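Reproduced below: my_file.cif, with mmCIF, C-alpha atoms and all ligand atoms.
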```cif
data_coords
#
loop_
_atom_site.label_atom_id
_atom_site.label_comp_id
_atom_site.auth_asym_id
_atom_site.auth_seq_id
_atom_site.Cartn_x
_atom_site.Cartn_y
_atom_site.Cartn_z
CA MET A 1 -39.74 8.73 20.78
CA ASN A 2 -42.18 10.93 18.97
CA SER A 3 -43.53 8.79 16.11
CA LEU A 4 -43.32 11.74 13.71
CA LEU A 5 -39.55 11.19 13.74
CA ASN A 6 -40.04 7.64 12.46
CA GLU A 7 -42.11 8.72 9.50
CA TYR A 8 -41.28 12.16 8.23
CA PRO A 9 -38.15 13.93 7.05
CA HIS A 10 -36.74 16.04 9.85
CA ARG A 11 -33.60 17.80 10.98
CA ARG A 12 -31.82 16.83 14.16
CA TYR A 13 -29.54 19.13 16.10
CA ASN A 14 -26.08 18.23 17.38
CA PRO A 15 -25.57 20.41 20.47
CA LEU A 16 -21.90 19.47 20.66
CA THR A 17 -21.00 20.83 17.25
CA ASP A 18 -23.91 23.20 16.63
CA ALA A 19 -24.73 21.38 13.39
CA TRP A 20 -27.79 19.74 11.84
CA VAL A 21 -28.39 16.43 10.10
CA LEU A 22 -31.33 15.75 7.77
CA VAL A 23 -33.01 12.41 8.57
CA SER A 24 -35.24 10.77 5.93
CA PRO A 25 -36.69 7.67 7.62
CA HIS A 26 -39.23 7.00 4.87
CA ARG A 27 -36.39 6.35 2.38
CA ALA A 28 -35.05 3.43 4.40
CA LYS A 29 -38.01 1.43 3.08
CA ARG A 30 -37.09 1.82 -0.59
CA PRO A 31 -35.86 -1.25 -2.51
CA TRP A 32 -32.14 -1.67 -2.87
CA GLN A 33 -30.67 -3.32 -5.94
CA GLY A 34 -27.07 -2.38 -5.50
CA GLN A 35 -24.12 -4.64 -4.82
CA VAL A 36 -24.40 -6.87 -1.77
CA GLU A 37 -21.55 -9.31 -2.25
CA LYS A 38 -19.60 -10.55 0.73
CA LEU A 39 -15.91 -9.91 0.95
CA ALA A 40 -13.43 -12.74 0.60
CA PRO A 41 -12.31 -13.89 4.06
CA ASP A 42 -9.35 -11.96 5.32
CA THR A 43 -6.36 -14.27 5.70
CA ARG A 44 -3.46 -12.30 7.00
CA PRO A 45 -0.43 -13.95 8.61
CA PRO A 46 0.43 -13.10 12.26
CA HIS A 47 3.66 -11.58 10.92
CA ASP A 48 4.08 -10.11 7.45
CA PRO A 49 7.71 -9.66 6.37
CA ASP A 50 6.62 -6.83 4.02
CA CYS A 51 4.70 -4.82 6.65
CA TYR A 52 6.29 -1.57 7.83
CA LEU A 53 4.64 -1.86 11.21
CA CYS A 54 5.36 -5.48 12.14
CA ALA A 55 7.89 -6.16 14.91
CA GLY A 56 11.50 -6.38 13.80
CA ASN A 57 10.79 -5.10 10.27
CA THR A 58 12.43 -2.15 8.57
CA ARG A 59 10.29 0.91 7.94
CA ALA A 60 10.16 2.94 4.71
CA ASN A 61 12.87 5.32 5.94
CA GLY A 62 15.26 2.52 6.86
CA GLN A 63 14.69 2.46 10.63
CA GLN A 64 14.11 -0.92 12.25
CA ASN A 65 11.18 -1.60 14.55
CA PRO A 66 12.11 -3.29 17.82
CA ASP A 67 10.82 -6.78 18.54
CA TYR A 68 7.97 -5.20 20.53
CA PRO A 69 5.78 -7.51 22.66
CA ASP A 70 2.59 -5.42 22.88
CA VAL A 71 2.15 -1.72 22.02
CA PHE A 72 4.78 0.23 20.07
CA VAL A 73 4.69 3.99 19.52
CA PHE A 74 7.08 5.88 17.24
CA ASP A 75 7.43 9.25 15.52
CA ASN A 76 5.62 9.17 12.17
CA ASP A 77 8.29 9.03 9.46
CA PHE A 78 6.04 11.07 7.17
CA ALA A 79 4.26 13.26 9.71
CA SER A 80 1.92 16.01 8.54
CA LEU A 81 3.17 18.28 11.30
CA LEU A 82 6.77 19.07 12.15
CA GLU A 83 8.28 19.94 15.52
CA THR A 84 10.90 22.07 13.76
CA THR A 85 8.38 24.48 12.23
CA PRO A 86 9.30 28.04 13.29
CA PRO A 87 6.71 30.55 14.45
CA GLY A 88 5.33 32.79 11.76
CA THR A 89 2.27 34.26 10.14
CA VAL A 90 1.54 35.24 6.61
CA ALA A 91 -1.26 37.73 6.39
CA GLU A 92 -2.25 39.90 3.49
CA GLY A 93 -5.24 41.69 4.89
CA GLU A 94 -8.44 39.90 5.76
CA LEU A 95 -8.56 37.58 2.81
CA PHE A 96 -5.20 35.82 2.79
CA GLN A 97 -4.28 34.55 6.22
CA ALA A 98 -1.98 31.70 7.16
CA ARG A 99 -0.07 30.68 10.26
CA LEU A 100 2.84 28.27 10.53
CA GLU A 101 1.81 25.31 12.66
CA ARG A 102 4.18 23.36 14.86
CA GLY A 103 3.34 19.80 15.81
CA ILE A 104 4.25 16.16 16.19
CA GLY A 105 2.89 13.02 14.53
CA ARG A 106 3.12 9.63 16.22
CA VAL A 107 2.10 6.16 15.07
CA ILE A 108 0.86 3.59 17.58
CA CYS A 109 0.94 -0.11 16.74
CA PHE A 110 -1.72 -1.74 18.88
CA SER A 111 -0.21 -5.22 18.72
CA PRO A 112 2.71 -7.06 17.11
CA ARG A 113 0.09 -9.38 15.57
CA HIS A 114 -0.48 -8.36 11.95
CA ASP A 115 -3.65 -10.45 11.70
CA LEU A 116 -5.58 -8.95 14.63
CA THR A 117 -7.66 -5.83 15.14
CA ILE A 118 -8.96 -4.43 18.41
CA PRO A 119 -12.19 -6.50 18.45
CA GLU A 120 -10.09 -9.67 18.13
CA MET A 121 -7.44 -8.71 20.67
CA ASP A 122 -7.90 -9.81 24.26
CA LEU A 123 -8.94 -7.31 26.87
CA ALA A 124 -5.54 -7.08 28.58
CA ALA A 125 -3.94 -6.20 25.23
CA VAL A 126 -6.52 -3.47 24.54
CA ARG A 127 -5.95 -2.09 28.03
CA LYS A 128 -2.28 -1.61 27.09
CA VAL A 129 -3.42 0.51 24.15
CA VAL A 130 -5.48 2.68 26.53
CA ASP A 131 -2.42 3.10 28.77
CA ALA A 132 -0.29 4.08 25.78
CA TRP A 133 -2.89 6.67 24.71
CA ALA A 134 -2.83 8.14 28.23
CA ASP A 135 0.98 8.22 28.31
CA GLU A 136 1.14 9.91 24.92
CA TYR A 137 -1.53 12.45 25.86
CA ARG A 138 0.41 13.26 29.04
CA THR A 139 3.88 13.54 27.50
CA LEU A 140 2.92 15.29 24.31
CA GLY A 141 0.49 17.57 26.15
CA ALA A 142 3.21 18.52 28.66
CA LYS A 143 5.29 20.13 25.89
CA PRO A 144 4.79 23.87 26.25
CA PHE A 145 3.94 24.40 22.57
CA VAL A 146 1.37 21.57 22.40
CA ASN A 147 -2.15 22.78 23.07
CA TYR A 148 -4.11 19.87 21.66
CA VAL A 149 -3.53 16.13 21.22
CA GLN A 150 -5.72 14.21 18.78
CA ILE A 151 -5.66 10.44 19.28
CA PHE A 152 -7.38 8.48 16.51
CA GLU A 153 -7.70 5.23 14.63
CA ASN A 154 -8.39 5.13 10.91
CA LYS A 155 -9.28 1.56 10.04
CA GLY A 156 -9.88 -0.21 6.75
CA ALA A 157 -8.80 0.28 3.14
CA ILE A 158 -12.19 1.86 2.39
CA MET A 159 -11.16 4.67 4.78
CA GLY A 160 -7.84 5.20 3.03
CA CYS A 161 -5.91 3.40 5.72
CA SER A 162 -2.55 2.43 4.27
CA ASN A 163 -1.86 -0.73 6.22
CA PRO A 164 -4.05 -3.45 7.81
CA HIS A 165 -1.66 -3.87 10.73
CA PRO A 166 -3.65 -2.72 13.81
CA HIS A 167 -2.54 0.83 14.44
CA GLY A 168 -3.63 4.35 15.17
CA GLN A 169 -2.14 7.81 15.07
CA ILE A 170 -1.60 10.73 17.39
CA TRP A 171 -1.21 14.30 16.20
CA ALA A 172 -0.15 16.94 18.71
CA GLN A 173 -0.12 20.60 17.76
CA GLU A 174 -0.18 24.26 18.70
CA SER A 175 -3.76 25.05 17.68
CA ILE A 176 -7.02 23.49 18.76
CA PRO A 177 -8.44 22.04 15.52
CA ASP A 178 -11.95 22.87 14.34
CA GLU A 179 -13.93 19.83 15.55
CA PRO A 180 -12.72 19.89 19.17
CA LEU A 181 -12.92 23.69 19.12
CA LYS A 182 -16.61 23.58 18.20
CA LYS A 183 -17.20 21.06 20.97
CA GLN A 184 -15.24 23.17 23.42
CA ARG A 185 -17.37 26.25 22.72
CA ALA A 186 -20.63 24.32 23.07
CA GLN A 187 -19.56 22.55 26.25
CA LEU A 188 -18.30 25.76 27.83
CA ALA A 189 -21.55 27.61 27.12
CA TYR A 190 -23.55 24.69 28.59
CA TRP A 191 -21.29 24.43 31.64
CA GLU A 192 -21.61 28.15 32.35
CA ARG A 193 -25.40 27.96 32.02
CA GLN A 194 -26.04 24.69 33.88
CA GLY A 195 -23.02 23.99 36.06
CA ARG A 196 -22.95 20.44 34.70
CA THR A 197 -21.30 19.01 31.61
CA LEU A 198 -23.44 18.79 28.50
CA LEU A 199 -22.65 15.10 28.13
CA SER A 200 -23.56 14.24 31.76
CA ASP A 201 -27.06 15.53 31.13
CA TYR A 202 -27.23 13.96 27.68
CA VAL A 203 -26.11 10.49 28.81
CA GLN A 204 -28.49 10.56 31.78
CA ALA A 205 -31.40 11.37 29.49
CA GLU A 206 -30.35 8.65 27.02
CA LEU A 207 -30.10 6.09 29.84
CA GLN A 208 -33.67 6.92 30.79
CA LYS A 209 -34.93 6.63 27.22
CA GLN A 210 -32.91 3.49 26.39
CA GLU A 211 -33.68 3.85 22.68
CA ARG A 212 -30.18 4.55 21.48
CA ILE A 213 -28.12 2.86 24.21
CA LEU A 214 -25.95 -0.01 23.01
CA PHE A 215 -24.50 -1.10 26.34
CA GLU A 216 -22.89 0.29 29.45
CA ASN A 217 -20.19 -0.89 31.81
CA GLU A 218 -18.76 0.52 35.04
CA GLY A 219 -17.08 3.47 33.41
CA PHE A 220 -18.57 4.08 29.98
CA VAL A 221 -21.85 4.23 28.10
CA ALA A 222 -22.00 3.24 24.41
CA LEU A 223 -24.76 4.82 22.35
CA VAL A 224 -25.78 5.94 18.90
CA PRO A 225 -26.17 9.70 19.31
CA PHE A 226 -29.56 11.27 18.53
CA TRP A 227 -27.75 13.44 15.95
CA ALA A 228 -25.65 10.67 14.34
CA VAL A 229 -24.66 11.36 10.74
CA TRP A 230 -22.98 8.08 9.69
CA PRO A 231 -25.26 5.02 9.50
CA PHE A 232 -23.71 3.24 12.50
CA GLU A 233 -22.05 6.20 14.18
CA ALA A 234 -21.55 5.66 17.91
CA MET A 235 -20.11 7.32 20.98
CA LEU A 236 -18.43 6.02 24.10
CA VAL A 237 -18.99 8.53 26.89
CA ALA A 238 -17.26 8.44 30.26
CA LYS A 239 -19.83 8.06 33.04
CA ARG A 240 -17.95 10.47 35.29
CA PRO A 241 -17.52 13.92 33.80
CA VAL A 242 -13.76 13.61 33.36
CA ALA A 243 -12.08 16.04 31.01
CA ARG A 244 -9.27 13.81 29.79
CA ILE A 245 -8.02 10.24 29.54
CA THR A 246 -5.43 10.84 32.26
CA ASP A 247 -8.28 11.63 34.70
CA LEU A 248 -9.60 8.06 34.38
CA ASP A 249 -8.85 5.79 37.32
CA GLU A 250 -7.66 2.20 36.87
CA PRO A 251 -11.14 0.58 36.71
CA GLU A 252 -12.23 3.27 34.25
CA ARG A 253 -9.26 2.53 32.01
CA ASP A 254 -10.32 -1.13 32.06
CA ALA A 255 -13.86 -0.02 31.26
CA LEU A 256 -12.68 2.06 28.31
CA ALA A 257 -10.70 -0.89 26.91
CA ALA A 258 -13.72 -3.18 27.36
CA ALA A 259 -16.11 -0.70 25.76
CA TYR A 260 -13.85 -0.03 22.74
CA ARG A 261 -13.50 -3.77 22.23
CA GLN A 262 -17.20 -4.49 22.74
CA LEU A 263 -18.37 -1.77 20.35
CA THR A 264 -15.97 -2.89 17.62
CA ILE A 265 -17.14 -6.51 18.09
CA LEU A 266 -20.71 -5.31 17.43
CA TYR A 267 -19.45 -3.49 14.37
CA ASP A 268 -17.65 -6.56 12.97
CA ASN A 269 -20.74 -8.66 13.62
CA VAL A 270 -23.14 -6.43 11.66
CA PHE A 271 -21.87 -7.44 8.22
CA GLN A 272 -19.51 -10.24 9.36
CA THR A 273 -16.56 -8.25 8.16
CA SER A 274 -13.73 -6.21 9.68
CA PHE A 275 -15.74 -3.00 10.06
CA PRO A 276 -13.94 0.12 8.82
CA TYR A 277 -14.19 3.42 10.67
CA SER A 278 -12.48 6.56 11.79
CA ALA A 279 -12.61 6.83 15.55
CA GLY A 280 -10.91 8.95 18.14
CA ILE A 281 -10.90 10.64 21.49
CA HIS A 282 -12.26 14.11 22.00
CA GLN A 283 -10.96 15.55 25.24
CA ALA A 284 -9.66 18.70 26.89
CA PRO A 285 -6.93 20.73 25.18
CA THR A 286 -3.48 20.60 26.80
CA ASP A 287 -3.23 24.38 27.09
CA GLY A 288 -2.69 24.45 30.85
CA GLU A 289 -6.33 25.29 31.68
CA ALA A 290 -8.52 23.05 33.88
CA HIS A 291 -11.40 22.75 31.39
CA PRO A 292 -14.16 21.56 33.75
CA GLU A 293 -16.58 21.97 30.84
CA TRP A 294 -14.92 19.18 28.89
CA HIS A 295 -16.43 15.70 29.10
CA MET A 296 -14.16 13.18 27.45
CA HIS A 297 -15.73 10.87 24.87
CA LEU A 298 -14.86 8.76 21.88
CA ILE A 299 -16.60 9.01 18.57
CA PHE A 300 -16.80 6.35 15.85
CA TYR A 301 -17.61 7.25 12.25
CA PRO A 302 -18.05 4.06 10.21
CA PRO A 303 -18.99 4.43 6.53
CA LEU A 304 -20.69 1.06 5.85
CA LEU A 305 -24.39 1.19 5.13
CA ARG A 306 -25.95 -1.96 3.72
CA SER A 307 -23.23 -4.59 3.45
CA ALA A 308 -19.52 -5.19 3.78
CA THR A 309 -18.99 -3.28 0.55
CA VAL A 310 -21.80 -0.73 0.23
CA LYS A 311 -20.77 2.44 1.96
CA LYS A 312 -22.43 5.74 2.48
CA PHE A 313 -21.07 8.58 0.36
CA MET A 314 -21.02 12.10 1.78
CA VAL A 315 -21.62 13.76 -1.56
CA GLY A 316 -24.08 15.97 -3.43
CA TYR A 317 -26.51 17.62 -1.02
CA GLU A 318 -24.29 16.58 1.87
CA MET A 319 -21.25 18.40 0.52
CA LEU A 320 -23.25 21.41 -0.49
CA ALA A 321 -25.87 21.69 2.21
CA ASN A 322 -26.18 19.28 5.15
CA PRO A 323 -25.33 15.68 6.02
CA GLN A 324 -28.32 13.38 5.49
CA ARG A 325 -29.20 9.86 6.59
CA ASP A 326 -31.98 7.36 5.89
CA ILE A 327 -31.83 4.68 8.61
CA THR A 328 -32.70 6.38 11.89
CA PRO A 329 -30.20 6.36 14.77
CA GLU A 330 -32.78 4.35 16.76
CA LYS A 331 -32.92 1.68 14.07
CA ALA A 332 -29.11 1.59 13.83
CA ALA A 333 -28.93 1.09 17.61
CA GLU A 334 -31.46 -1.75 17.33
CA VAL A 335 -29.36 -3.45 14.61
CA LEU A 336 -26.18 -3.11 16.69
CA ARG A 337 -27.89 -4.46 19.83
CA SER A 338 -29.22 -7.41 17.84
CA VAL A 339 -25.71 -8.66 17.02
CA ALA A 340 -24.50 -8.59 20.63
CA GLY A 341 -24.33 -11.82 22.53
CA ALA A 342 -21.90 -14.56 21.70
CA GLY A 343 -18.82 -12.40 21.13
CA HIS A 344 -17.01 -11.84 17.84
CA TYR A 345 -18.56 -13.58 14.85
CA LYS A 346 -15.29 -15.33 13.98
CA GLN A 347 -15.35 -17.01 17.36
CA GLN A 348 -18.97 -18.13 16.98
CA GLY A 349 -19.56 -21.68 15.75
P1 LIG B 401 -2.52 5.25 8.09
O1 LIG B 401 -2.60 3.84 7.63
O2 LIG B 401 -3.70 5.65 8.91
O3 LIG B 401 -2.21 6.17 6.95
O4 LIG B 401 -1.30 5.34 9.10
C1 LIG B 401 -0.04 4.83 8.84
C2 LIG B 401 0.97 5.91 9.17
O5 LIG B 401 2.23 5.30 9.31
C3 LIG B 401 1.08 6.95 8.08
O6 LIG B 401 0.78 8.21 8.63
C4 LIG B 401 3.21 6.13 8.79
C5 LIG B 401 2.53 6.86 7.63
O7 LIG B 401 3.09 8.12 7.46
N1 LIG B 401 4.34 5.31 8.37
C6 LIG B 401 5.58 5.54 8.95
O8 LIG B 401 5.71 6.44 9.79
N2 LIG B 401 6.66 4.79 8.56
C7 LIG B 401 6.59 3.80 7.62
O9 LIG B 401 7.58 3.16 7.35
C8 LIG B 401 5.31 3.53 6.92
C9 LIG B 401 4.12 4.29 7.38
#
```
Starting from the file, give its structure as structure tokens.
Ligand code: H2U
Amino acid sequence: MNSLLNEYPHRRYNPLTDAWVLVSPHRAKRPWQGQVEKLAPDTRPPHDPDCYLCAGNTRANGQQNPDYPDVFVFDNDFASLLETTPPGTVAEGELFQARLERGIGRVICFSPRHDLTIPEMDLAAVRKVVDAWADEYRTLGAKPFVNYVQIFENKGAIMGCSNPHPHGQIWAQESIPDEPLKKQRAQLAYWERQGRTLLSDYVQAELQKQERILFENEGFVALVPFWAVWPFEAMLVAKRPVARITDLDEPERDALAAAYRQLTILYDNVFQTSFPYSAGIHQAPTDGEAHPEWHMHLIFYPPLLRSATVKKFMVGYEMLANPQRDITPEKAAEVLRSVAGAGHYKQQG
């Protein structure tokens, strides 16, 4: 990489979202005197009688969870979107516009085990999560009013996650939300210009450079994007330019499960803690169009910066102007690669 980018403040462009990030590599050298304490070891029981998500327990609204053996998906009892919302718009000229939004919220428990997270689950169990994501995407997306399905995992108390039981959420709705919409526009423009997906070309170039690649398997490449905003932000990109999770074949579904697990093991190993993040799948809308421009990928936004407790804050300049980072994406990739090897830290001697 051009050495200027290791030394001087610069802006990097995200071609997927048409946004910039300010990178200040020189600041990464400054002394740090903040808190660095380690967290107390997490000792959760395999089953918690007070957990709303554990098998057999009663949820906040009085419904009982089945004694599920692996993955369990249910309608969110407190969903942000409602299937019963009628159509309607409220518009008072240009300046006051609103539209009623119809949608569905689902919760997906990844495992009956309260004490595990994806990096500690075995591969076969993670593969069941991938299958459940695909089933949900297919069924929710098949509903005529659903034009977009957002599958995500919000992990860790630091991220506002309400429960340590391994789980994710799925929101399905009428509109295409802003983030995927930005990516759709950029990918469509690239596809029309080049006849290839933006991410096929990007991943190929990254594989040649090898600076930001974390690992690859048969179906997916894991990398820290050139334009990463969060300190250890990463992407899992499908090697084939598939538009959606349901386009993955069986070995690719295995590869996605393995890559999700492997990346989150690296994360846990960095600060020897259960690494918090928001992660999710960006893929084609379910609006009945083919979307050849879409290249499915997963994005991980973890907030931790220097230790298990010191997180990056997106405040000040970042709220008012542009996101900014100190540690370069190349350095972050180096750190993540350096903790690969003997599996999850808890299993190491
Ligand atoms: P988060 O931890 O990411 O907030 O996800 C938990 C979700 O589970 C949350 O959206 C739902 C909450 O509404 N939930 C239920 O549907 N039923 C319950 O009994 C508790 C939590």
Task: Close residues to ligand LIG 401 (chain B) using only C-alpha atoms and all ligand atoms, limit 9 Å, as a count of residues only - done: 36
Open item on the list: What's the separation between atom CA of A:Arg306 and atom CA of A:Pro323, in Å to one decimal place?
Closed with: 17.8 Å
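Among the candidates A:Asp249, A:His291, A:Tyr137, A:Ala333, the one nearest to A:Ala222 when counting only C-alpha atoms is A:Ala333.
Contact shell of A:Ala284 at 7 Å (all atoms listed in the file; same-chain neighbours under 2 positions omitted): Ala243, Arg244, Thr286, His291 and Trp294 of chain A.
Between atom CA of A:Arg102 and atom CA of A:Thr84 the interatomic distance comes to 6.9 Å.
Once A:Glu318 and its same-chain neighbours fewer than 5 positions away are set aside, A:Val21, A:Leu22, A:Phe313, A:Pro323, A:Gln324, A:Arg325 remain within 10 Å of it when counting all atoms listed in the file.
Point (-25.4, 6.4, 13.1) has the following residues at most 8 Å away: Val224, Pro225, Trp227, Ala228, Val229, Trp230, Pro231, Phe232, Glu233, Ala234, Tyr301, Thr328, Pro329, Ala332 and Ala333 of chain A (atoms considered: only C-alpha atoms).
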Enclose all atoms of stretch 327-334 of chain A listed in the file in an axis-aligned box, grow every side by 6 Å, and hand back centre and edge lengths in Å to one decimal, as AutoDock Vina command-line options.
```
--center_x -30.9 --center_y 2.3 --center_z 13.1 --size_x 16.0 --size_y 20.1 --size_z 21.0
```
- [ ] Tell me which protein, DNA and RNA residues are within 12 Å of stretch 262-266 of chain A, counting all atoms listed in the file, leaving out same-chain ones fewer than 5 positions away, and put them as a ChimeraX atom specification.
- [x] /A:117-123,126,153,155,213-217,220-224,232-236,255-257,271-279,298-302,332-348
- [ ] Work out how far atom CA of A:Glu174 is from atom CA of A:Lys239, in Å to one decimal.
- [x] 29.2 Å
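Distance annotation: of A:Leu198, A:Ile170, A:Ala91, A:Val129, the residue with the minimal separation from A:His297 is A:Leu198; atom set is all atoms listed in the file.
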Task: Closest of A:Gln208, A:Gln194, A:Thr89, A:Gln283 to A:Val149 - atom-to-atom distances counting only C-alpha atoms - done: A:Gln283
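Compared by their closest atoms to A:Arg261, and using only C-alpha atoms, the residues A:Glu94, A:Pro112, A:Ile245, A:Ala125 rank with A:Ala125 nearest.
Across A:Asp50, A:Asp18, A:Asp254, A:Glu293, the tightest approach to A:Leu188 is made by A:Glu293 when counting only C-alpha atoms.
If all atoms listed in the file are the atoms counted, then among A:Ala124, A:Ile176, A:Leu16, A:Leu4 the closest residue to A:Tyr190 is A:Leu16.
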